[in-house]
Structures are given as structure tokens and as C-alpha cells.
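Chemist: Structure provided below as C-alpha cells; questions to follow.
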Amino acid sequence: MDINNKARIHWACRRGMRELDISIMPFFEHEYDTLSDDDKRLFVRLLESDDPDLFNWLMNHGEPADTELQRMVQLIQTRNRERGPVAI
């Protein structure tokens, strides 16, 4: 997926699981534009993961084996925590 195709990435962020939508959508909406191109590619790669894996990682019930994906999960968690609750 092209990192500049924000409409397609936005669509990929919509997971249909409320817990994931609450984590992923605000991060995309508030942080994506500030990411480096490498981090944008990493975020897109994270979106290619299965929902159960994303849920477990974002809810701290495990972590990806890939250290780069671990870093992106931590970045999402940190930025969301710093920004505070966001209604969707």
C-alpha cells in the first residue's frame, strides 16, 4: 500500500473491533502526517497484521516477534496516552 494514499490507509485503519478502532484511528488521524516515511511504511505494515494479533499487541497481551513492529506498537500506545482519550 502506498504510504501517500491516505484514503486507502484510513480505510485499512477501520478494523470493525471497537478496541482497535479506538487505538488505531486516533493515531492515524493525529499522528500519521508527522511520521517519517520509514515509520509510515512500518505503520502500513502493522495494519497488514490480523486483528487478533493487533488486539493482543495494543492491549499488552503480547508483542510482535518483529522488533520494528514492537516499536510501532509502543509508539501508538505512547502517543495515544500522551494525547489522552479521543472520542470516535
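Following the order of the C-alpha cells, chains are lettered A, B, ..., residues in each are numbered from 1, and ligands are numbered from 1.
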Could you write out, as an NGL selection string, all the residues of stretch 1-52 of chain A that DSSP marks as alpha helix (DSSP H)?
Modeler: :A and (6-13 or 18-31 or 37-47 or 51-52)
Chemist: Name the residues in contact with stretch 37-49 of chain A at a cut-off of 8 Å, using only C-alpha atoms, excluding same-chain residues fewer than 5 positions from it; report them as a ChimeraX atom specification.
Modeler: /A:1,3,9,12-13,32,54,68-69,72
Chemist: Can I get the selection written as a PDB file, in the first residue's frame, with all heavy atoms?
Modeler:
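Once everything was written out, this is result14.pdb:
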ATOM      1  N   MET A   1       0.850  -1.171   0.000  1.00  0.00           N
ATOM      2  CA  MET A   1       0.000   0.000   0.000  1.00  0.00           C
ATOM      3  C   MET A   1       0.900   1.240   0.000  1.00  0.00           C
ATOM      4  O   MET A   1       1.862   1.316   0.757  1.00  0.00           O
ATOM      5  CB  MET A   1      -0.884  -0.060   1.250  1.00  0.00           C
ATOM      6  CG  MET A   1      -1.877   1.034   1.346  1.00  0.00           C
ATOM      7  SD  MET A   1      -3.022   0.942   2.773  1.00  0.00           S
ATOM      8  CE  MET A   1      -2.977  -0.712   3.343  1.00  0.00           C
ATOM      9  N   ILE A   3       2.273   4.710   0.893  1.00  0.00           N
ATOM     10  CA  ILE A   3       2.205   5.482   2.135  1.00  0.00           C
ATOM     11  C   ILE A   3       1.582   6.858   1.932  1.00  0.00           C
ATOM     12  O   ILE A   3       1.199   7.514   2.902  1.00  0.00           O
ATOM     13  CB  ILE A   3       3.587   5.636   2.807  1.00  0.00           C
ATOM     14  CG1 ILE A   3       4.550   6.426   1.926  1.00  0.00           C
ATOM     15  CG2 ILE A   3       4.131   4.277   3.215  1.00  0.00           C
ATOM     16  CD1 ILE A   3       5.843   6.815   2.620  1.00  0.00           C
ATOM     17  N   ILE A   9      -5.214   4.070   3.401  1.00  0.00           N
ATOM     18  CA  ILE A   9      -4.689   3.761   4.735  1.00  0.00           C
ATOM     19  C   ILE A   9      -5.775   4.000   5.780  1.00  0.00           C
ATOM     20  O   ILE A   9      -5.956   3.191   6.697  1.00  0.00           O
ATOM     21  CB  ILE A   9      -3.424   4.584   5.034  1.00  0.00           C
ATOM     22  CG1 ILE A   9      -2.323   4.201   4.054  1.00  0.00           C
ATOM     23  CG2 ILE A   9      -2.969   4.382   6.469  1.00  0.00           C
ATOM     24  CD1 ILE A   9      -1.143   5.140   4.043  1.00  0.00           C
ATOM     25  N   ALA A  12      -7.960   1.108   5.799  1.00  0.00           N
ATOM     26  CA  ALA A  12      -7.313  -0.048   6.424  1.00  0.00           C
ATOM     27  C   ALA A  12      -7.275   0.080   7.947  1.00  0.00           C
ATOM     28  O   ALA A  12      -7.197  -0.928   8.648  1.00  0.00           O
ATOM     29  CB  ALA A  12      -5.896  -0.221   5.879  1.00  0.00           C
ATOM     30  N   CYS A  13      -7.348   1.305   8.453  1.00  0.00           N
ATOM     31  CA  CYS A  13      -7.363   1.524   9.907  1.00  0.00           C
ATOM     32  C   CYS A  13      -8.685   1.090  10.524  1.00  0.00           C
ATOM     33  O   CYS A  13      -8.746   0.773  11.709  1.00  0.00           O
ATOM     34  CB  CYS A  13      -7.123   2.998  10.232  1.00  0.00           C
ATOM     35  SG  CYS A  13      -5.445   3.569   9.949  1.00  0.00           S
ATOM     36  N   TYR A  32      -0.201  10.459  11.931  1.00  0.00           N
ATOM     37  CA  TYR A  32       0.366   9.892  10.702  1.00  0.00           C
ATOM     38  C   TYR A  32       1.191  10.904   9.917  1.00  0.00           C
ATOM     39  O   TYR A  32       2.296  10.602   9.477  1.00  0.00           O
ATOM     40  CB  TYR A  32      -0.741   9.301   9.817  1.00  0.00           C
ATOM     41  CG  TYR A  32      -0.194   8.583   8.606  1.00  0.00           C
ATOM     42  CD1 TYR A  32       0.315   7.297   8.728  1.00  0.00           C
ATOM     43  CD2 TYR A  32      -0.172   9.201   7.359  1.00  0.00           C
ATOM     44  CE1 TYR A  32       0.838   6.629   7.630  1.00  0.00           C
ATOM     45  CE2 TYR A  32       0.351   8.541   6.260  1.00  0.00           C
ATOM     46  CZ  TYR A  32       0.850   7.260   6.401  1.00  0.00           C
ATOM     47  OH  TYR A  32       1.373   6.613   5.311  1.00  0.00           O
ATOM     48  N   LEU A  54      -3.225  -7.703  16.399  1.00  0.00           N
ATOM     49  CA  LEU A  54      -3.237  -6.273  16.717  1.00  0.00           C
ATOM     50  C   LEU A  54      -3.866  -6.025  18.083  1.00  0.00           C
ATOM     51  O   LEU A  54      -3.348  -5.243  18.886  1.00  0.00           O
ATOM     52  CB  LEU A  54      -4.004  -5.488  15.651  1.00  0.00           C
ATOM     53  CG  LEU A  54      -3.285  -5.215  14.350  1.00  0.00           C
ATOM     54  CD1 LEU A  54      -4.230  -4.557  13.358  1.00  0.00           C
ATOM     55  CD2 LEU A  54      -2.072  -4.346  14.579  1.00  0.00           C
ATOM     56  N   GLU A  68      10.723  -4.159  14.909  1.00  0.00           N
ATOM     57  CA  GLU A  68      10.237  -2.905  14.312  1.00  0.00           C
ATOM     58  C   GLU A  68       8.735  -2.737  14.580  1.00  0.00           C
ATOM     59  O   GLU A  68       8.280  -1.640  14.894  1.00  0.00           O
ATOM     60  CB  GLU A  68      10.526  -2.872  12.808  1.00  0.00           C
ATOM     61  CG  GLU A  68      11.978  -2.656  12.494  1.00  0.00           C
ATOM     62  CD  GLU A  68      12.481  -1.301  12.991  1.00  0.00           C
ATOM     63  OE1 GLU A  68      11.922  -0.270  12.587  1.00  0.00           O
ATOM     64  OE2 GLU A  68      13.430  -1.277  13.786  1.00  0.00           O
ATOM     65  N   LEU A  69       7.979  -3.825  14.445  1.00  0.00           N
ATOM     66  CA  LEU A  69       6.553  -3.747  14.759  1.00  0.00           C
ATOM     67  C   LEU A  69       6.341  -3.473  16.242  1.00  0.00           C
ATOM     68  O   LEU A  69       5.418  -2.743  16.614  1.00  0.00           O
ATOM     69  CB  LEU A  69       5.831  -5.024  14.323  1.00  0.00           C
ATOM     70  CG  LEU A  69       5.696  -5.240  12.818  1.00  0.00           C
ATOM     71  CD1 LEU A  69       4.935  -6.528  12.532  1.00  0.00           C
ATOM     72  CD2 LEU A  69       5.055  -4.060  12.125  1.00  0.00           C
ATOM     73  N   MET A  72       6.587   0.196  16.678  1.00  0.00           N
ATOM     74  CA  MET A  72       5.407   0.919  16.210  1.00  0.00           C
ATOM     75  C   MET A  72       4.254   0.764  17.194  1.00  0.00           C
ATOM     76  O   MET A  72       3.542   1.727  17.469  1.00  0.00           O
ATOM     77  CB  MET A  72       5.001   0.437  14.813  1.00  0.00           C
ATOM     78  CG  MET A  72       3.782   1.161  14.246  1.00  0.00           C
ATOM     79  SD  MET A  72       3.850   2.989  14.248  1.00  0.00           S
ATOM     80  CE  MET A  72       5.228   3.296  13.160  1.00  0.00           C
TER      81      MET A  72
END
Chemist: Residues within 8 Å of stretch 15-21 of chain A, please, as a PyMOL selection string. Count only C-alpha atoms; anything in the same chain fewer than 5 positions from it doesn't count.
Modeler: chain A and resi 26+51+54-55+58
Chemist: Using only C-alpha atoms, pick whichever of A:Gly84, A:Phe28, A:Arg79, A:Arg71 has the shortest atom-to-atom distance to A:Arg8.
Modeler: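 Once distances to A:Arg8 are computed over only C-alpha atoms, the minimum belongs to A:Phe28.
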Chemist: Using only C-alpha atoms, which of the listed residues (A:Asn5, A:Ile24, A:Thr78, A:Asp50) sits closest to A:Pro64?
Modeler: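 Once distances to A:Pro64 are computed over only C-alpha atoms, the minimum belongs to A:Asp50.
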Chemist: In Å, how far is it from atom CA of A:Gln77 to atom CA of A:Ser23?
Modeler: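 Atom CA of A:Ser23 lies at a distance of 7.6 Å from atom CA of A:Gln77.
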